[in-house]
Each structure stands twice: as structure tokens, then as C-alpha cells.
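K.L.:
File name work_21.txt; file contents compact mmCIF, C-alpha atoms (C1' of nucleotides); full text below.
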# COMPACT_ATOMS: atom_id res chain seq x y z
CA MET A 1445 86.40 115.19 71.83
CA GLU A 1446 86.18 115.40 75.59
CA GLN A 1447 88.47 112.80 77.07
CA PRO A 1448 89.81 112.17 80.55
CA ASN A 1449 93.22 113.57 81.30
CA LYS A 1450 95.38 110.83 82.73
CA LEU A 1451 97.71 113.15 84.59
CA LEU A 1452 94.73 114.80 86.23
CA SER A 1453 93.05 111.53 87.15
CA ASN A 1454 95.49 111.11 90.00
CA PRO A 1455 94.00 112.74 93.11
CA ILE A 1456 97.26 114.22 94.31
CA ARG A 1457 98.04 115.83 90.97
CA LEU A 1458 94.45 116.98 90.63
CA VAL A 1459 94.57 118.76 93.96
CA VAL A 1460 97.92 120.31 93.09
CA VAL A 1461 96.74 121.64 89.75
CA SER A 1462 93.37 122.72 91.05
CA SER A 1463 95.02 124.58 93.91
CA LEU A 1464 97.54 126.25 91.67
CA TYR A 1465 94.72 127.20 89.34
CA GLN A 1466 93.34 129.41 92.08
CA VAL A 1467 96.40 130.58 93.91
CA ALA A 1468 99.26 132.11 91.86
CA SER A 1469 101.83 129.96 93.62
CA ALA A 1470 102.39 127.54 96.47
CA ASP A 1471 105.46 125.94 97.94
CA PHE A 1472 106.27 122.31 98.62
CA THR A 1473 105.22 122.41 102.26
CA ALA A 1474 101.89 124.03 101.48
CA LEU A 1475 101.22 121.46 98.78
CA MET A 1476 102.01 118.66 101.18
CA GLU A 1477 99.35 119.95 103.53
CA LEU A 1478 96.84 120.49 100.76
CA THR A 1479 97.31 117.06 99.27
CA GLY A 1480 98.14 115.02 102.34
CA ALA A 1481 100.78 113.25 100.29
CA SER A 1482 104.13 112.11 101.65
CA LYS A 1483 107.07 114.20 100.51
CA GLY A 1484 108.48 111.43 98.34
CA ASN A 1485 105.17 111.00 96.61
CA LEU A 1486 104.60 114.72 96.21
CA SER A 1487 108.09 115.14 94.82
CA VAL A 1488 107.51 112.69 91.98
CA GLN A 1489 104.03 113.99 91.21
CA LEU A 1490 105.34 117.54 90.95
CA LYS A 1491 108.08 116.38 88.65
CA LYS A 1492 105.53 114.70 86.40
CA LEU A 1493 103.45 117.85 86.26
CA GLN A 1494 106.56 119.82 85.46
CA GLU A 1495 107.60 117.41 82.71
CA ALA A 1496 104.15 117.78 81.20
CA GLU A 1497 104.65 121.55 81.49
CA TYR A 1498 101.50 121.90 83.55
CA ILE A 1499 103.43 123.61 86.32
CA GLN A 1500 106.59 125.61 86.72
CA ILE A 1501 108.99 125.03 89.60
CA LYS A 1502 111.31 127.66 91.00
CA LYS A 1503 113.89 126.64 93.53
CA SER A 1504 115.43 129.14 95.89
CA PHE A 1505 116.50 129.58 99.47
CA LYS A 1506 114.18 131.01 102.04
CA ASP A 1507 115.49 131.67 105.54
CA ASN A 1508 118.51 129.51 104.77
CA TYR A 1509 116.38 126.53 103.72
CA PRO A 1510 115.70 125.26 100.21
CA ASN A 1511 112.30 126.30 98.95
CA THR A 1512 110.38 124.82 96.06
CA ARG A 1513 107.71 127.11 94.73
CA CYS A 1514 105.20 125.97 92.14
CA SER A 1515 102.87 127.78 89.81
CA ILE A 1516 100.59 126.72 87.01
CA THR A 1517 101.38 127.30 83.35
CA SER A 1518 98.92 128.28 80.65
CA GLU A 1519 99.12 124.71 79.39
CA GLY A 1520 98.23 123.51 82.86
CA LYS A 1521 95.32 125.89 83.06
CA SER A 1522 93.97 124.79 79.75
CA ALA A 1523 94.36 121.10 80.61
CA PHE A 1524 92.61 121.64 83.90
CA GLU A 1525 89.73 123.48 82.29
CA LYS A 1526 89.27 120.73 79.73
CA HIS A 1527 89.37 118.06 82.37
CA VAL A 1528 86.80 119.88 84.45
CA ALA A 1529 84.58 120.12 81.39
CA TYR A 1530 85.01 116.40 80.84
CA LEU A 1531 84.18 115.60 84.45
CA LYS A 1532 81.13 117.80 84.42
CA LYS A 1533 79.87 115.92 81.42
CA VAL A 1534 80.57 112.51 82.92
CA LEU A 1535 79.15 113.42 86.30
CA ARG A 1536 76.22 115.28 84.77
CA ILE A 1537 76.80 118.42 86.71
CA THR A 1538 76.28 121.92 85.42
CA MET B 746 86.04 113.99 105.82
CA GLU B 747 85.73 114.24 102.06
CA GLN B 748 88.34 112.04 100.46
CA PRO B 749 88.92 110.81 96.93
CA ASN B 750 87.56 107.39 96.12
CA LYS B 751 90.28 105.30 94.56
CA LEU B 752 87.96 102.99 92.70
CA LEU B 753 86.23 105.99 91.19
CA SER B 754 89.43 107.74 90.24
CA ASN B 755 89.82 105.39 87.31
CA PRO B 756 88.09 106.96 84.29
CA ILE B 757 86.63 103.69 83.02
CA ARG B 758 85.13 102.79 86.36
CA LEU B 759 83.91 106.35 86.86
CA VAL B 760 82.05 106.30 83.55
CA VAL B 761 80.58 102.90 84.36
CA VAL B 762 79.32 103.94 87.77
CA SER B 763 78.15 107.35 86.61
CA SER B 764 76.24 105.75 83.75
CA LEU B 765 74.67 103.14 85.96
CA TYR B 766 73.75 105.87 88.38
CA GLN B 767 71.46 107.30 85.73
CA VAL B 768 70.28 104.25 83.86
CA ALA B 769 68.85 101.33 85.89
CA SER B 770 70.99 98.84 83.98
CA ALA B 771 73.34 98.41 81.04
CA ASP B 772 74.97 95.40 79.44
CA PHE B 773 78.59 94.70 78.66
CA THR B 774 78.40 95.85 75.06
CA ALA B 775 76.74 99.12 75.98
CA LEU B 776 79.35 99.76 78.63
CA MET B 777 82.10 99.08 76.13
CA GLU B 778 80.71 101.80 73.90
CA LEU B 779 80.20 104.20 76.77
CA THR B 780 83.68 103.75 78.16
CA GLY B 781 85.66 103.05 75.02
CA ALA B 782 87.52 100.35 76.94
CA SER B 783 88.67 97.08 75.44
CA LYS B 784 86.65 94.08 76.54
CA GLY B 785 89.50 92.65 78.58
CA ASN B 786 89.93 95.90 80.40
CA LEU B 787 86.23 96.41 80.91
CA SER B 788 85.90 92.88 82.22
CA VAL B 789 88.40 93.40 85.02
CA GLN B 790 87.06 96.82 85.91
CA LEU B 791 83.54 95.47 86.23
CA LYS B 792 84.80 92.68 88.42
CA LYS B 793 86.50 95.19 90.69
CA LEU B 794 83.33 97.21 90.98
CA GLN B 795 81.43 94.05 91.74
CA GLU B 796 83.92 92.96 94.39
CA ALA B 797 83.53 96.36 96.01
CA GLU B 798 79.77 95.82 95.78
CA TYR B 799 79.32 99.01 93.83
CA ILE B 800 77.56 97.13 91.06
CA GLN B 801 75.60 93.95 90.61
CA ILE B 802 76.14 91.65 87.64
CA LYS B 803 73.51 89.33 86.24
CA LYS B 804 74.51 86.84 83.62
CA SER B 805 71.99 85.33 81.29
CA PHE B 806 71.54 84.36 77.66
CA LYS B 807 70.04 86.70 75.17
CA ASP B 808 69.36 85.41 71.68
CA ASN B 809 71.57 82.43 72.43
CA TYR B 810 74.51 84.59 73.42
CA PRO B 811 75.81 85.26 76.89
CA ASN B 812 74.71 88.58 78.24
CA THR B 813 76.22 90.46 81.15
CA ARG B 814 73.92 93.05 82.61
CA CYS B 815 75.08 95.50 85.26
CA SER B 816 73.29 97.73 87.68
CA ILE B 817 74.38 99.96 90.51
CA THR B 818 73.90 99.04 94.16
CA SER B 819 72.96 101.40 96.95
CA GLU B 820 76.55 101.21 98.13
CA GLY B 821 77.67 102.23 94.65
CA LYS B 822 75.22 105.11 94.60
CA SER B 823 76.40 106.38 97.92
CA ALA B 824 80.06 106.07 96.97
CA PHE B 825 79.41 107.91 93.74
CA GLU B 826 77.57 110.71 95.48
CA LYS B 827 80.36 111.14 97.97
CA HIS B 828 82.98 111.17 95.27
CA VAL B 829 81.06 113.77 93.31
CA ALA B 830 80.87 115.90 96.43
CA TYR B 831 84.60 115.51 96.87
CA LEU B 832 85.29 116.47 93.27
CA LYS B 833 83.05 119.48 93.46
CA LYS B 834 84.98 120.69 96.43
CA VAL B 835 88.35 120.10 94.82
CA LEU B 836 87.31 121.61 91.52
CA ARG B 837 85.47 124.47 93.17
CA ILE B 838 82.26 123.88 91.33
CA THR B 839 78.81 124.28 92.75
C1' DA C 279 132.70 121.39 119.40
C1' DT C 280 130.66 117.16 118.54
C1' DT C 281 126.41 114.75 118.21
C1' DA C 282 121.58 114.60 117.47
C1' DT C 283 117.53 116.41 115.40
C1' DT C 284 114.98 118.97 112.04
C1' DT C 285 114.09 120.96 107.48
C1' DG C 286 113.35 120.30 102.83
C1' DG C 287 113.63 117.80 99.73
C1' DT C 288 115.19 113.46 95.84
C1' DT C 289 116.00 108.69 94.44
C1' DT C 290 114.65 104.22 94.04
C1' DA C 291 112.75 99.74 95.35
C1' DT C 292 108.47 97.70 95.78
C1' DA C 293 103.54 97.22 95.62
C1' DT C 294 99.50 98.25 93.04
C1' DT C 295 97.00 99.05 88.99
C1' DA C 296 95.82 99.26 84.17
C1' DT C 297 95.78 97.31 79.79
C1' DA C 298 95.56 94.50 75.81
C1' DA C 299 96.88 90.14 73.88
C1' DA C 300 95.84 85.59 74.13
C1' DC C 301 92.56 82.33 75.34
C1' DT C 302 87.78 80.13 76.01
C1' DT C 303 83.21 78.66 74.86
C1' DG C 304 79.67 78.61 72.17
C1' DT C 305 77.03 80.37 67.67
C1' DT C 306 76.20 81.48 63.07
C1' DT C 307 77.55 81.49 58.27
C1' DA C 308 79.72 79.63 54.04
C1' DT D 973 82.75 71.03 58.72
C1' DA D 974 85.58 74.73 58.58
C1' DA D 975 85.85 79.50 59.09
C1' DA D 976 84.30 83.63 61.13
C1' DC D 977 81.94 85.97 64.79
C1' DA D 978 79.99 87.00 69.58
C1' DA D 979 80.75 87.73 74.22
C1' DG D 980 83.39 87.46 77.51
C1' DT D 981 87.65 85.87 80.93
C1' DT D 982 92.46 85.06 82.13
C1' DT D 983 96.93 86.48 82.47
C1' DA D 984 101.33 88.48 81.12
C1' DT D 985 103.30 92.83 80.78
C1' DA D 986 103.63 97.75 81.08
C1' DA D 987 102.73 101.72 83.63
C1' DT D 988 101.88 104.04 87.96
C1' DA D 989 101.79 105.11 92.77
C1' DT D 990 103.84 105.11 97.11
C1' DA D 991 106.78 105.25 100.96
C1' DA D 992 111.21 103.94 102.70
C1' DA D 993 115.72 105.07 102.36
C1' DC D 994 118.74 108.45 101.31
C1' DC D 995 121.10 113.24 101.03
C1' DA D 996 122.73 117.95 102.22
C1' DA D 997 122.48 121.63 104.97
C1' DA D 998 120.71 124.09 109.25
C1' DT D 999 119.69 124.29 113.95
C1' DA D 1000 119.50 122.51 118.74
C1' DA D 1001 121.24 119.93 122.55
C1' DT D 1002 125.09 118.19 125.52
Please go through the file and, once you have read it, give me the structure as C-alpha cells.

P.N.:
Amino acid sequence: MEQPNKLLSNPIRLVVVSSLYQVASADFTALMELTGASKGNLSVQLKKLQEAEYIQIKKSFKDNYPNTRCSITSEGKSAFEKHVAYLKKVLRIT
Amino acid sequence: MEQPNKLLSNPIRLVVVSSLYQVASADFTALMELTGASKGNLSVQLKKLQEAEYIQIKKSFKDNYPNTRCSITSEGKSAFEKHVAYLKKVLRIT
DNA sequence: ATTATTTGGTTTATATTATAAACTTGTTTA
DNA sequence: TAAACAAGTTTATAATATAAACCAAATAAT
């Protein structure tokens, strides 16, 4: 029933999804700071989350520079909630 | 300050450590049921936890069969507590 | 007006990790 | 005594994570 979510077992992806669960949207630079990941690493983790349809990525230009803005999808929200429920059970926290 | 623990980011190892945090000791078979891992997989994960000194393994014979009994160390307890604190922060749960 | 540096990323080669199949050693059952 | 089972371990392979190298455009320095 309650099983661990592999995508969300990676700390970088967990922080990304958890952050986007609270925050409407965040761009690449903000997510780098939040996660502490290198840009290469963050780039592939975001792509994985996008492929799983946990997040949505909108690319645009902001002040002449490319800007990658991410937001969570309803699938992402639901997956996150389930994973949190799983963790709570495993960790025995209410 | 609060960082993810890599060893405890693996779901099998997390369940092992979390279980041993509650339970004084558990043997290989019990941990297989708790984690759902194959024995090969469980075997290497236990060894990793042992190498990190998160758990202690005592081998004996029980009813003529080998028996592998695991318990958590104080280092394991502390690591688990810290990781839980980290997760709580990331997941925004009290 | 080149050249160098910075911004904001992506691709990809390599290192690390996870996993189960194959193996081992001994026990019980037929 | 041969087959099946118990309780693991080893190891080959698959999957994953990570950062170095790369790219394209913008800005700064000379």
C-alpha cells in the first residue's frame, strides 16, 4: 500500500518537489540555492521530475537571459503527499 | 547544518535502521519481511550499515541454522535522529 | 572592436550504488 | 543418498548520481 517513491528518495529531487509544493514556482537559480546541487546535476534531476510529470518547466527570457521556471503538477503534489505519508509511517512520526 | 544522510536515503536501509531504532534487535529473516528486499540485496545493505557502524551484527546458530541478528549502535541512533530532523525540516512537518 | 568573463543552462563521461542471479554451506526430508 | 530447503554471501549487471566539459548568448574589460 504505502511504498517509497524512488524519484523522491533522492535528496535533491525531494527538496525540489517539497519546495515547489509550498511555493507556486521557482526558477533554476533559486533551486540551485535551495538544493545546493551543481547546475549539471540539477538540470538532470529537473528533467527526470519533468519526465515523470511531477513538475512543469517553462522556459523564457528574463532580462535578456534564459530563465527556467518550475512548478509542481497535481501528479507531483499527490506523489509528494503519498511519500510523506510513507515516511511518517516508517519514521513513526505523527 | 542539517544535511541529508546518504546511507539513510536508501529506503531499505532507512527501514532497517528505523526498525532497529524501535526494537532492540531483529534477525535477517525479520528484516527481509520488514523491508521486502531480496536476501542478496539485504545482505549488502546490512554490511554497509555495519561498515558505517550504524548497526552491529551477531552471528550464531539457532536450531542448527545460521542466524544473523542485528541491533542499532549509538552512532546509528544519532545518525537516524539527525536524518529525521533533516527530513522534518525539508518536509515541513512538526 | 576584439577578447575575456559571466550567465544560464545542457550533454555526457565517469563514478557510485542498487539489485538480483548465481553461488555456498550446511540441514532436513523423501 | 539424492533432492529440496534454509540462511546467507558474492558478484555481475543495471540503474543512478554527479560534475566536468561543453554551448550560446550577454556583458565587461582593454

K.L.:
Could the residues of chain C that have an atom at most 9 Å from chain A be listed as a tab-separated table, each with its closest atom pair and the distance in Å to one decimal, counting all atoms listed in the file and ordered by chain and ascending residue number?

P.N.:
residue	atom	partner	partner_atom	distance
C:DT285	C1'	A:Tyr1509	CA	7.1
C:DG286	C1'	A:Pro1510	CA	6.1
C:DG287	C1'	A:Lys1483	CA	7.5
C:DT288	C1'	A:Ser1487	CA	7.4
C:DT289	C1'	A:Gly1484	CA	8.9

K.L.:
Name the residues in contact with Ser823 in chain B at a cut-off of 12 Å, using all atoms listed in the file, excluding same-chain residues fewer than 5 positions from it; report them as a VMD selection string.

P.N.:
chain B and resid 750 753 762 to 763 766 798 to 800 817 to 818 828 to 830

K.L.:
I'd like the interatomic distance between CA of Gly781 in chain B and CA of Val760 in chain B, to a tenth of an Å.

P.N.:
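These atoms are spaced 9.8 Å apart.
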
K.L.:
Could you tell me how far CA of Phe1524 in chain A lies from CA of Ile838 in chain B, in Å and to one decimal?

P.N.:
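Separating CA of Phe1524 in chain A from CA of Ile838 in chain B is a distance of 12.9 Å.
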
K.L.:
Both chains have the same sequence, so superpose chain B on chain A over all Cα atoms paired in order and return it as a PDB file with C-alpha atoms, in the coordinates of the input.

P.N.:
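Wrote it out as superposed.pdb, contents follow:
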ATOM      1  CA  MET B 746      86.316 115.190  71.833  1.00  0.00           C
ATOM      2  CA  GLU B 747      86.168 115.404  75.605  1.00  0.00           C
ATOM      3  CA  GLN B 748      88.459 112.796  77.077  1.00  0.00           C
ATOM      4  CA  PRO B 749      89.799 112.153  80.556  1.00  0.00           C
ATOM      5  CA  ASN B 750      93.217 113.555  81.303  1.00  0.00           C
ATOM      6  CA  LYS B 751      95.398 110.837  82.735  1.00  0.00           C
ATOM      7  CA  LEU B 752      97.719 113.153  84.586  1.00  0.00           C
ATOM      8  CA  LEU B 753      94.733 114.790  86.223  1.00  0.00           C
ATOM      9  CA  SER B 754      93.068 111.536  87.142  1.00  0.00           C
ATOM     10  CA  ASN B 755      95.508 111.118  89.994  1.00  0.00           C
ATOM     11  CA  PRO B 756      93.994 112.745  93.099  1.00  0.00           C
ATOM     12  CA  ILE B 757      97.273 114.233  94.312  1.00  0.00           C
ATOM     13  CA  ARG B 758      98.051 115.831  90.987  1.00  0.00           C
ATOM     14  CA  LEU B 759      94.457 116.997  90.618  1.00  0.00           C
ATOM     15  CA  VAL B 760      94.569 118.776  93.970  1.00  0.00           C
ATOM     16  CA  VAL B 761      97.918 120.328  93.102  1.00  0.00           C
ATOM     17  CA  VAL B 762      96.758 121.651  89.755  1.00  0.00           C
ATOM     18  CA  SER B 763      93.363 122.730  91.039  1.00  0.00           C
ATOM     19  CA  SER B 764      95.010 124.598  93.900  1.00  0.00           C
ATOM     20  CA  LEU B 765      97.527 126.270  91.657  1.00  0.00           C
ATOM     21  CA  TYR B 766      94.713 127.198  89.338  1.00  0.00           C
ATOM     22  CA  GLN B 767      93.320 129.396  92.084  1.00  0.00           C
ATOM     23  CA  VAL B 768      96.401 130.586  93.896  1.00  0.00           C
ATOM     24  CA  ALA B 769      99.236 132.118  91.821  1.00  0.00           C
ATOM     25  CA  SER B 770     101.817 129.979  93.606  1.00  0.00           C
ATOM     26  CA  ALA B 771     102.372 127.566  96.473  1.00  0.00           C
ATOM     27  CA  ASP B 772     105.455 125.953  97.946  1.00  0.00           C
ATOM     28  CA  PHE B 773     106.241 122.328  98.616  1.00  0.00           C
ATOM     29  CA  THR B 774     105.191 122.409 102.251  1.00  0.00           C
ATOM     30  CA  ALA B 775     101.868 124.031 101.465  1.00  0.00           C
ATOM     31  CA  LEU B 776     101.198 121.475  98.770  1.00  0.00           C
ATOM     32  CA  MET B 777     101.998 118.678 101.180  1.00  0.00           C
ATOM     33  CA  GLU B 778      99.319 119.963 103.520  1.00  0.00           C
ATOM     34  CA  LEU B 779      96.829 120.499 100.732  1.00  0.00           C
ATOM     35  CA  THR B 780      97.300 117.062  99.244  1.00  0.00           C
ATOM     36  CA  GLY B 781      98.125 115.019 102.313  1.00  0.00           C
ATOM     37  CA  ALA B 782     100.801 113.257 100.272  1.00  0.00           C
ATOM     38  CA  SER B 783     104.132 112.131 101.650  1.00  0.00           C
ATOM     39  CA  LYS B 784     107.064 114.232 100.516  1.00  0.00           C
ATOM     40  CA  GLY B 785     108.485 111.459  98.366  1.00  0.00           C
ATOM     41  CA  ASN B 786     105.192 111.014  96.629  1.00  0.00           C
ATOM     42  CA  LEU B 787     104.602 114.715  96.225  1.00  0.00           C
ATOM     43  CA  SER B 788     108.087 115.142  94.825  1.00  0.00           C
ATOM     44  CA  VAL B 789     107.531 112.702  91.979  1.00  0.00           C
ATOM     45  CA  GLN B 790     104.064 114.000  91.220  1.00  0.00           C
ATOM     46  CA  LEU B 791     105.342 117.551  90.950  1.00  0.00           C
ATOM     47  CA  LYS B 792     108.090 116.396  88.651  1.00  0.00           C
ATOM     48  CA  LYS B 793     105.546 114.706  86.411  1.00  0.00           C
ATOM     49  CA  LEU B 794     103.463 117.845  86.257  1.00  0.00           C
ATOM     50  CA  GLN B 795     106.566 119.821  85.456  1.00  0.00           C
ATOM     51  CA  GLU B 796     107.624 117.416  82.715  1.00  0.00           C
ATOM     52  CA  ALA B 797     104.172 117.783  81.202  1.00  0.00           C
ATOM     53  CA  GLU B 798     104.652 121.546  81.510  1.00  0.00           C
ATOM     54  CA  TYR B 799     101.512 121.890  83.560  1.00  0.00           C
ATOM     55  CA  ILE B 800     103.439 123.616  86.319  1.00  0.00           C
ATOM     56  CA  GLN B 801     106.596 125.622  86.728  1.00  0.00           C
ATOM     57  CA  ILE B 802     108.989 125.052  89.617  1.00  0.00           C
ATOM     58  CA  LYS B 803     111.301 127.689  91.016  1.00  0.00           C
ATOM     59  CA  LYS B 804     113.882 126.672  93.539  1.00  0.00           C
ATOM     60  CA  SER B 805     115.414 129.161  95.888  1.00  0.00           C
ATOM     61  CA  PHE B 806     116.479 129.540  99.499  1.00  0.00           C
ATOM     62  CA  LYS B 807     114.185 130.936 102.091  1.00  0.00           C
ATOM     63  CA  ASP B 808     115.563 131.554 105.559  1.00  0.00           C
ATOM     64  CA  ASN B 809     118.558 129.418 104.670  1.00  0.00           C
ATOM     65  CA  TYR B 810     116.423 126.464 103.669  1.00  0.00           C
ATOM     66  CA  PRO B 811     115.677 125.237 100.188  1.00  0.00           C
ATOM     67  CA  ASN B 812     112.301 126.309  98.960  1.00  0.00           C
ATOM     68  CA  THR B 813     110.365 124.836  96.067  1.00  0.00           C
ATOM     69  CA  ARG B 814     107.694 127.123  94.739  1.00  0.00           C
ATOM     70  CA  CYS B 815     105.190 125.983  92.131  1.00  0.00           C
ATOM     71  CA  SER B 816     102.861 127.790  89.820  1.00  0.00           C
ATOM     72  CA  ILE B 817     100.570 126.729  87.027  1.00  0.00           C
ATOM     73  CA  THR B 818     101.377 127.315  83.366  1.00  0.00           C
ATOM     74  CA  SER B 819      98.922 128.279  80.668  1.00  0.00           C
ATOM     75  CA  GLU B 820      99.141 124.723  79.394  1.00  0.00           C
ATOM     76  CA  GLY B 821      98.241 123.500  82.872  1.00  0.00           C
ATOM     77  CA  LYS B 822      95.321 125.894  83.065  1.00  0.00           C
ATOM     78  CA  SER B 823      93.977 124.773  79.753  1.00  0.00           C
ATOM     79  CA  ALA B 824      94.379 121.097  80.603  1.00  0.00           C
ATOM     80  CA  PHE B 825      92.621 121.634  83.899  1.00  0.00           C
ATOM     81  CA  GLU B 826      89.740 123.464  82.285  1.00  0.00           C
ATOM     82  CA  LYS B 827      89.289 120.728  79.739  1.00  0.00           C
ATOM     83  CA  HIS B 828      89.382 118.043  82.373  1.00  0.00           C
ATOM     84  CA  VAL B 829      86.806 119.867  84.452  1.00  0.00           C
ATOM     85  CA  ALA B 830      84.584 120.094  81.399  1.00  0.00           C
ATOM     86  CA  TYR B 831      85.027 116.383  80.856  1.00  0.00           C
ATOM     87  CA  LEU B 832      84.183 115.588  84.463  1.00  0.00           C
ATOM     88  CA  LYS B 833      81.130 117.776  84.414  1.00  0.00           C
ATOM     89  CA  LYS B 834      79.870 115.898  81.432  1.00  0.00           C
ATOM     90  CA  VAL B 835      80.565 112.501  82.940  1.00  0.00           C
ATOM     91  CA  LEU B 836      79.132 113.432  86.306  1.00  0.00           C
ATOM     92  CA  ARG B 837      76.194 115.259  84.784  1.00  0.00           C
ATOM     93  CA  ILE B 838      76.779 118.433  86.686  1.00  0.00           C
ATOM     94  CA  THR B 839      76.278 121.909  85.364  1.00  0.00           C
TER      95      THR B 839
END
